[in-house]
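Note sheet for the following structure.
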Amino acid sequence: MYQLFIGNKNYSSWSLRPWVLMRELEIPFQEHLLPFGNETLWRPFRALCAAGKVPCLVAGTQLVWESLAIVEYLAEGHAGIWPEEPVARAWARSAAAEMHAGFGELRAHCSMNCGVRVRLHKIGQTLLRDIGRLDALWSEGLSRFGGPFLAGAQFSAVDAFYAPVTFRVQTYGLALQPEAAAYGERLLALPAMRDWYAAALLEPFRDEPHELELQRVGSITQDLRAR
């Protein structure tokens with residue numbers, strides 16, 4: 001069985017990508033949660049994975065790190081990771097790669113923190129451009145391939161790559177056009193996403209760098225996490 005190492009569900013957007021993909025496509029795996037800052041758990045993990053970052057997939061003797069590499073590795077052995085239709089598959093790969101390498105302002109100003117609601121101090125033009133691009137990209141995929149997911153009728157890797165963004169939209173109250181907003185709500189309603197969110201709220205861990213980052217960009221209006 002696959003072994004998937006992930007970070008805190010409240011914070012780790014990168015970890016969510018392969019986790020939600022494998023859960024939604026019913027690919028069995030054993031989860032290993034490494035809370036940020038817990039050196040007792042991270043020290044042996046770094047001995048296993050020289051990159052020292054999550055997510056990380058272990059398949060027998062094979063080690064695969066970085067979410068995009070994990071997805072491509074899984075695609076070699078499992079159907080449904082990417083759309084079957086070539087045009088949709090090419091678009092899905094491009095959109096996933098754009099998320100993997102882009103949207104810098106969205107990442108910088110709206111880090112994932114599932115359990116809180118935040119009012120941003122300001123929304124500058126660079127962040128607005130990222131939100132606008134997100135809106136346009138989601139709308140393009142839904143229009144071209146017919147929905148309800150970005151590249152067609154089935155949930156695939158491109159949806160998994162944007163799943164963390166839906167938590168950001170929820171946390172920071174980001175305004176999207178109706179079609180894109182409805183897509184985000186559909187992702188949040190997926191069984192795997194509901195399970196991730198419920199577990200995130202129950203986590204007792206607090207990572208100071210993530211919490212300080214929130215204070216820098218906005219004010220917490222609601223904290224739904226277990227105390």
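Each chain of the structure tokens is named A, B, ... in the order shown, its residues numbered from 1; ligands are numbered from 1 in display order.
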Legend entry - Spatial neighbours of A:Leu74, max dist 10 Å, only C-alpha atoms, sep filter under 3 positions, as a ChimeraX atom specification: /A:18,21-22,27,57,59,64,68-71,77-81
Inset, instruction - Excluding A:Leu134 and any residue of its chain fewer than 6 positions from it, enumerate the residues within 9 Å of it, using only C-alpha atoms, and give them as a PyMOL selection string. - result: chain A and resi 103+176+180
Inset, instruction - Please identify which residues in stretch 2-213 of chain A DSSP calls strand (DSSP E or B) from the backbone, and express them as a ChimeraX atom specification. - result: /A:2-6,29-33,56-59,62-65,116-120,149,152
Legend entry - A:Glu203 surroundings by only C-alpha atoms, 10 Å radius, close-in-sequence under 4 positions cut, as number ranges by chain: A: 8-10, 35, 115, 198-199, 225-227
Contacts of stretch 182-194 of chain A at 10 Å or less, counting only C-alpha atoms, minus same-chain residues fewer than 5 places along, as a short mmCIF file (atom, residue, chain, number, x, y, z; two decimals) with C-alpha atoms, in the first residue's frame?
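Listed below is the output, out.cif:
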data_model
loop_
_atom_site.label_atom_id
_atom_site.label_comp_id
_atom_site.auth_asym_id
_atom_site.auth_seq_id
_atom_site.Cartn_x
_atom_site.Cartn_y
_atom_site.Cartn_z
CA LEU A 16 -3.96 18.27 0.19
CA TRP A 19 -4.42 13.32 -0.59
CA VAL A 20 -7.74 14.50 -2.07
CA LEU A 21 -6.92 13.00 -5.47
CA MET A 22 -6.23 9.58 -4.02
CA ARG A 23 -9.25 9.71 -1.76
CA GLU A 24 -11.66 10.79 -4.51
CA LEU A 25 -10.30 8.18 -6.95
CA TRP A 138 -11.92 28.13 -13.83
CA SER A 139 -14.56 29.61 -16.11
CA LEU A 142 -15.94 24.69 -17.12
CA GLY A 147 -18.19 20.66 -16.13
CA PRO A 148 -19.01 20.02 -13.42
CA PHE A 149 -15.23 19.71 -12.94
CA LEU A 150 -12.50 21.74 -14.61
CA PHE A 155 -12.75 14.84 -10.86
CA ASP A 159 -9.21 19.75 -9.62
CA ALA A 160 -6.94 18.38 -6.90
CA TYR A 162 -7.05 23.82 -7.15
CA ALA A 163 -8.74 22.18 -4.16
CA PRO A 164 -6.56 24.14 -1.66
CA VAL A 165 -7.58 27.37 -3.36
CA THR A 166 -11.21 26.72 -2.48
CA PHE A 167 -10.23 26.75 1.20
CA VAL A 169 -11.53 31.50 -1.06
CA GLN A 170 -13.58 30.40 1.96
CA LEU A 176 -15.42 35.20 -7.68
CA GLN A 177 -17.86 35.28 -10.56
CA ALA A 199 -9.92 16.86 10.59
CA ALA A 200 -8.28 20.27 10.16
#
Inset, instruction - State, in Å with one decimal place, the distance from atom CA of A:Ala96 to atom CA of A:Gly124. - result: 24.7 Å
If you run DSSP over the backbone, which residues in stretch 9-215 of chain A end up alpha helix (DSSP H)? Put them as a CSV table (one decimal) with C-alpha atoms, in the first residue's frame.
chain,number,residue,atom,x,y,z
A,13,SER,CA,-2.1,23.1,0.8
A,14,TRP,CA,0.6,21.1,-1.0
A,15,SER,CA,-0.3,18.0,1.0
A,16,LEU,CA,-4.0,18.3,0.2
A,17,ARG,CA,-3.4,17.8,-3.6
A,18,PRO,CA,-2.4,14.1,-3.7
A,19,TRP,CA,-4.4,13.3,-0.6
A,20,VAL,CA,-7.7,14.5,-2.1
A,21,LEU,CA,-6.9,13.0,-5.5
A,22,MET,CA,-6.2,9.6,-4.0
A,23,ARG,CA,-9.3,9.7,-1.8
A,24,GLU,CA,-11.7,10.8,-4.5
A,39,GLU,CA,11.0,17.4,15.4
A,40,THR,CA,10.4,14.0,16.9
A,41,LEU,CA,8.5,13.1,13.8
A,42,TRP,CA,10.3,15.3,11.3
A,43,ARG,CA,13.8,14.1,12.1
A,44,PRO,CA,13.3,10.5,10.9
A,45,PHE,CA,11.3,11.7,7.9
A,46,ARG,CA,14.2,13.9,6.8
A,47,ALA,CA,16.4,10.8,7.0
A,48,LEU,CA,13.9,9.1,4.6
A,67,SER,CA,2.9,17.1,-5.5
A,68,LEU,CA,3.2,17.3,-9.3
A,69,ALA,CA,5.7,14.4,-9.4
A,70,ILE,CA,3.4,12.4,-7.1
A,71,VAL,CA,0.5,12.9,-9.4
A,72,GLU,CA,2.4,12.0,-12.5
A,73,TYR,CA,3.8,8.9,-10.8
A,74,LEU,CA,0.2,7.8,-9.9
A,75,ALA,CA,-0.9,8.5,-13.4
A,86,PRO,CA,-6.2,14.6,-25.4
A,87,VAL,CA,-7.3,18.2,-25.6
A,88,ALA,CA,-8.8,18.2,-22.1
A,89,ARG,CA,-5.7,16.3,-20.8
A,90,ALA,CA,-3.3,18.9,-22.2
A,91,TRP,CA,-5.4,21.8,-20.8
A,92,ALA,CA,-5.6,20.1,-17.4
A,93,ARG,CA,-1.9,19.5,-17.2
A,94,SER,CA,-1.2,23.2,-18.2
A,95,ALA,CA,-3.6,24.5,-15.6
A,96,ALA,CA,-2.2,22.3,-12.9
A,97,ALA,CA,1.3,23.4,-13.8
A,98,GLU,CA,0.2,27.0,-13.6
A,99,MET,CA,-1.1,26.5,-10.1
A,100,HIS,CA,2.1,24.6,-9.1
A,101,ALA,CA,4.4,27.4,-10.2
A,104,GLY,CA,2.5,34.0,-6.2
A,105,GLU,CA,0.4,36.9,-4.7
A,106,LEU,CA,-2.4,34.6,-3.8
A,107,ARG,CA,0.0,32.3,-2.0
A,108,ALA,CA,1.8,35.3,-0.2
A,109,HIS,CA,-1.4,37.0,0.9
A,125,GLN,CA,-3.8,45.1,-7.7
A,126,THR,CA,-1.4,42.2,-7.9
A,127,LEU,CA,-3.6,40.0,-5.7
A,128,LEU,CA,-6.6,41.2,-7.7
A,129,ARG,CA,-4.8,40.0,-10.9
A,130,ASP,CA,-4.3,36.6,-9.4
A,131,ILE,CA,-7.9,36.4,-8.4
A,132,GLY,CA,-9.0,37.5,-11.9
A,133,ARG,CA,-6.8,34.9,-13.5
A,134,LEU,CA,-8.2,32.2,-11.2
A,135,ASP,CA,-11.7,33.3,-12.2
A,136,ALA,CA,-10.9,33.2,-15.9
A,137,LEU,CA,-9.2,29.9,-15.7
A,138,TRP,CA,-11.9,28.1,-13.8
A,139,SER,CA,-14.6,29.6,-16.1
A,140,GLU,CA,-12.6,28.6,-19.2
A,141,GLY,CA,-12.3,25.0,-18.1
A,142,LEU,CA,-15.9,24.7,-17.1
A,143,SER,CA,-17.1,26.3,-20.4
A,144,ARG,CA,-14.8,24.3,-22.7
A,145,PHE,CA,-15.2,20.9,-21.2
A,157,ALA,CA,-5.7,15.9,-11.0
A,158,VAL,CA,-6.3,19.5,-12.1
A,159,ASP,CA,-9.2,19.7,-9.6
A,160,ALA,CA,-6.9,18.4,-6.9
A,161,PHE,CA,-4.4,21.1,-7.6
A,162,TYR,CA,-7.0,23.8,-7.2
A,163,ALA,CA,-8.7,22.2,-4.2
A,164,PRO,CA,-6.6,24.1,-1.7
A,165,VAL,CA,-7.6,27.4,-3.4
A,166,THR,CA,-11.2,26.7,-2.5
A,167,PHE,CA,-10.2,26.7,1.2
A,168,ARG,CA,-8.4,30.0,0.6
A,169,VAL,CA,-11.5,31.5,-1.1
A,170,GLN,CA,-13.6,30.4,2.0
A,171,THR,CA,-11.1,31.6,4.6
A,172,TYR,CA,-10.6,35.1,3.1
A,178,PRO,CA,-20.9,33.0,-10.1
A,179,GLU,CA,-19.7,30.1,-12.3
A,180,ALA,CA,-16.3,30.0,-10.6
A,181,ALA,CA,-17.8,30.4,-7.1
A,182,ALA,CA,-20.2,27.5,-7.7
A,183,TYR,CA,-17.3,25.3,-8.8
A,184,GLY,CA,-15.5,26.1,-5.6
A,185,GLU,CA,-18.5,25.2,-3.6
A,186,ARG,CA,-18.7,21.9,-5.5
A,187,LEU,CA,-15.2,21.0,-4.5
A,188,LEU,CA,-15.8,21.9,-0.9
A,191,PRO,CA,-16.6,13.8,0.7
A,192,ALA,CA,-12.8,13.9,0.8
A,193,MET,CA,-12.8,17.7,1.1
A,194,ARG,CA,-15.3,17.5,4.0
A,195,ASP,CA,-13.2,14.9,5.7
A,196,TRP,CA,-10.1,17.0,5.4
A,197,TYR,CA,-11.8,20.1,6.7
A,198,ALA,CA,-13.3,18.3,9.7
A,199,ALA,CA,-9.9,16.9,10.6
A,200,ALA,CA,-8.3,20.3,10.2
A,201,LEU,CA,-10.7,21.8,12.6
A,202,LEU,CA,-9.9,19.2,15.2
A,208,GLU,CA,3.6,30.0,14.9
A,209,PRO,CA,5.0,31.0,11.4
A,210,HIS,CA,1.6,30.4,9.8
A,211,GLU,CA,-0.3,32.2,12.6
A,212,LEU,CA,2.0,35.2,12.4
A,213,GLU,CA,1.5,35.3,8.6
A,214,LEU,CA,-2.2,35.7,9.2
A,215,GLN,CA,-1.7,38.6,11.5
Inset, instruction - Could you tell me which of A:His32, A:Leu63, A:Glu84, A:Arg216 comes closest to A:Cys49 if we count only C-alpha atoms? - result: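 The answer is A:Leu63, which sits nearest to A:Cys49.
Straight-line separation from atom CA of A:Asn113 to atom CA of A:Ser12: 8.3 Å.
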Inset, instruction - Quick one: pull the distance between atom CA of A:Gly173 and atom CA of A:Arg117, Å, one decimal. - result: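 So the two atoms, atom CA of A:Gly173 and atom CA of A:Arg117, lie 7.7 Å apart.
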Inset, instruction - Go through A:Met1, A:Trp82, A:Pro204, A:Ala151 one by one, measure the shortest atom-to-atom distance of each to A:Phe36 using only C-alpha atoms, and give the residue with the smallest value. - result: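 With only C-alpha atoms as the atom set, the closest residue is A:Pro204.
Using only C-alpha atoms, the nearest neighbour of A:Cys114 within the list A:Gln154, A:Gln222, A:Gln62, A:Asn38 is A:Gln222.
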